[in-house]
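Colleague: Dropping the structure in here first, questions after.
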Amino acid sequence: MISNFKQVSLVLFLCFCTAQVCAQIQNEASKQTKEKSHTFFYKYRADNVFTAALGTAVINGDYPDPLFEFYGQVGYKRYINPYVNVNFTYNKFNLAHKNISNNGYMSFDLNVESTIMPDRFFTPFVFAGAGLNASNYFEATGMKIQGGLGVEYIVMADFGIKLFTDYNHTFSDELDGKVFGDANDVFWRIGFGLNYYFGNSNKKEKIPSNEPTIINSNPIIHN
């Protein structure tokens with residue numbers, strides 16, 4: 001009787017110990033899973049952005065031999081979420097044809113822009129919108145639509161450099177001063193510039209660890 005009691009007690013003790021070990025292993029596994037399920041990354045692009053660029057513009061109009069001329073841009077962007085911002089830019093540029101004309105223009109553009117990889121230093125972006133095109137001193141004005149793409153690289157805290165191009169379609173055939181055929185005048189612009197981010201940059205946010213990030217792909221190893 002006593003022997004049976006000892007055997008039962010031993011079995012119960014072993015079962016208890018086994019249960020404790022299993023519970024400990026499960027807790028450690030659960031803890032590791034939770035730690036891996038989320039990781040922190042820095043938000044390198046703040047919600048507010050001042051942007052500026054210089055480059056060149058060229059027209060595709062009714063005259064031959066278009067020339068590449070001056071283009072400049074300043075503007076402001078506001079992010080709705082890490083992937084989408086709305087931006088307004090003032091653009092100053094010249095459109096010219098060899099030995100024919102060289103005229104100054106400006107445009108006020110409103111775009112919706114998508115940052116493809118907001119958690120990376122380097123990312124492509126695309127944008128589209130509408131704007132008001134005007135000659136110098138607003139002697140002639142007209143609406144247009146535009147769209148473009150580019151790339152950006154964060155070079156240091158709150159500063160990024162960008163390279164982009166856009167296509168601008170006017171609703172008039174008189175932009176170059178000549179009406180010919182049924183097609184409206186269009187022009188291209190290429191710019192290289194700077195984005196200055198201000199507001200809530202360097203903010204820690206959580207994202208799934210199975211998504212590649214700067215910190216995941218380039219971990220800091222402490223000696």
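Each chain in the structure tokens gets a letter, A, B and so on, in the order shown; residues start at 1 in every chain, and ligands are counted from 1 in the order they appear.
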For Leu67 (chain A), find every residue with an atom within 6 Å (counting only C-alpha atoms), except residues of its own chain fewer than 5 positions away, and show them as a list in words.

Modeller: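 Neighbouring residues, sequence-local ones excluded: Val58, Ala96 and His97 of chain A.
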
Colleague: Would you mind listing what lies within 8 Å of region 132-149 of chain A as a compact mmCIF listing (two decimals) with N, CA, C and O atoms, in the first residue's frame, with only C-alpha atoms counted and same-chain residues fewer than 3 positions away left out?

Modeller:
```txt
# COMPACT_ATOMS: atom_id res chain seq x y z
N ASN A 103 10.06 81.93 -74.29
CA ASN A 103 9.07 82.60 -73.46
C ASN A 103 9.05 82.02 -72.04
O ASN A 103 9.29 80.83 -71.84
N GLY A 104 8.76 82.90 -71.09
CA GLY A 104 8.71 82.50 -69.70
C GLY A 104 7.30 82.13 -69.27
O GLY A 104 6.32 82.76 -69.68
N TYR A 105 7.21 81.10 -68.44
CA TYR A 105 5.91 80.64 -67.94
C TYR A 105 6.02 80.30 -66.46
O TYR A 105 7.12 80.16 -65.90
N MET A 106 4.87 80.13 -65.85
CA MET A 106 4.79 79.64 -64.48
C MET A 106 3.58 78.72 -64.38
O MET A 106 2.64 78.82 -65.19
N SER A 107 3.61 77.85 -63.39
CA SER A 107 2.44 76.99 -63.16
C SER A 107 2.27 76.77 -61.67
O SER A 107 3.25 76.77 -60.90
N PHE A 108 1.03 76.60 -61.28
CA PHE A 108 0.66 76.31 -59.90
C PHE A 108 0.01 74.94 -59.90
O PHE A 108 -1.10 74.77 -60.41
N ASP A 109 0.73 73.94 -59.38
CA ASP A 109 0.33 72.55 -59.52
C ASP A 109 -0.12 71.96 -58.19
O ASP A 109 0.53 72.15 -57.16
N PRO A 124 11.27 54.99 -54.86
CA PRO A 124 10.63 55.66 -55.99
C PRO A 124 9.33 56.32 -55.53
O PRO A 124 8.78 55.98 -54.48
N PHE A 125 8.85 57.27 -56.32
CA PHE A 125 7.56 57.89 -56.05
C PHE A 125 6.89 58.27 -57.36
O PHE A 125 7.55 58.46 -58.39
N VAL A 126 5.56 58.35 -57.34
CA VAL A 126 4.78 58.73 -58.52
C VAL A 126 3.77 59.79 -58.09
O VAL A 126 3.37 59.84 -56.92
N PHE A 127 3.36 60.63 -59.03
CA PHE A 127 2.40 61.69 -58.70
C PHE A 127 1.57 62.06 -59.93
O PHE A 127 1.96 61.82 -61.08
N ALA A 128 0.42 62.66 -59.67
CA ALA A 128 -0.47 63.13 -60.74
C ALA A 128 -1.38 64.21 -60.17
O ALA A 128 -1.66 64.24 -58.97
N GLY A 129 -1.83 65.09 -61.06
CA GLY A 129 -2.72 66.15 -60.60
C GLY A 129 -3.07 67.12 -61.70
O GLY A 129 -2.98 66.80 -62.90
N PHE A 164 13.44 63.76 -60.60
CA PHE A 164 12.10 63.45 -61.11
C PHE A 164 11.89 64.04 -62.49
O PHE A 164 12.65 64.90 -62.95
N THR A 165 10.85 63.57 -63.15
CA THR A 165 10.41 64.13 -64.42
C THR A 165 8.90 64.15 -64.44
O THR A 165 8.26 63.29 -63.82
N ASP A 166 8.32 65.14 -65.12
CA ASP A 166 6.86 65.17 -65.25
C ASP A 166 6.44 65.52 -66.67
O ASP A 166 7.18 66.15 -67.43
N TYR A 167 5.26 65.06 -67.00
CA TYR A 167 4.63 65.30 -68.31
C TYR A 167 3.44 66.22 -68.09
O TYR A 167 2.61 65.97 -67.21
N ASN A 168 3.37 67.30 -68.87
CA ASN A 168 2.33 68.30 -68.71
C ASN A 168 1.53 68.45 -70.00
O ASN A 168 2.09 68.77 -71.05
N HIS A 169 0.23 68.22 -69.88
CA HIS A 169 -0.66 68.30 -71.04
C HIS A 169 -1.57 69.51 -70.88
O HIS A 169 -2.37 69.57 -69.94
N THR A 170 -1.43 70.48 -71.79
CA THR A 170 -2.28 71.68 -71.73
C THR A 170 -3.57 71.44 -72.52
O THR A 170 -3.65 70.51 -73.35
N PHE A 171 -4.56 72.26 -72.28
CA PHE A 171 -5.83 72.17 -73.01
C PHE A 171 -5.92 73.25 -74.07
O PHE A 171 -7.00 73.76 -74.39
N SER A 172 -4.77 73.60 -74.63
CA SER A 172 -4.70 74.63 -75.66
C SER A 172 -3.58 74.30 -76.63
O SER A 172 -2.59 73.67 -76.26
```

Colleague: What residues in region 144-197 of chain A get the DSSP label strand (DSSP E)? Please answer as number ranges by chain.

Modeller: A: 144-156, 159-170, 186-197

Colleague: State, in Å with one decimal place, the distance from CA of Tyr71 (chain A) to CA of Ala57 (chain A).

Modeller: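 These two atoms are separated by 5.7 Å.
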
Colleague: Which residue out of A:Tyr197, A:Thr115, A:Gly131, A:Phe121 has the minimum interatomic distance to Gly150 (chain A) when only C-alpha atoms are used?

Modeller: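 The shortest atom-to-atom distance to Gly150 (chain A) comes from A:Thr115.
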
Colleague: What gap, in Å, lies between CA of Thr89 (chain A) and CA of Phe50 (chain A)?

Modeller: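 A separation of 9.8 Å between them.
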
Colleague: Using only C-alpha atoms, pick whichever of A:Gly191, A:Asp119, A:Val49, A:Tyr196 has the shortest atom-to-atom distance to Val155 (chain A).

Modeller: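 The closest residue to Val155 (chain A) is A:Tyr196.
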
Colleague: Have a look at A:Phe192, A:Tyr153, A:Phe93, A:Phe198 and name the one nearest to Lys77 (chain A); count only C-alpha atoms.

Modeller: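 Comparing A:Phe192, A:Tyr153, A:Phe93, A:Phe198 against Lys77 (chain A), the winner is A:Phe198.
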
Colleague: Of the candidates A:Thr51, A:Asn85, A:Asn99, A:Gln73, which one gets nearest to Val112 (chain A) if we count only C-alpha atoms?

Modeller: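 Checking each of A:Thr51, A:Asn85, A:Asn99, A:Gln73 against Val112 (chain A), counting only C-alpha atoms, the winner is A:Asn85.
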
Colleague: Mind pulling up the distance from CA of Asn91 (chain A) to CA of Glu69 (chain A)?

Modeller: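 According to the coordinates, CA of Glu69 (chain A) and CA of Asn91 (chain A) are separated by 13.2 Å.
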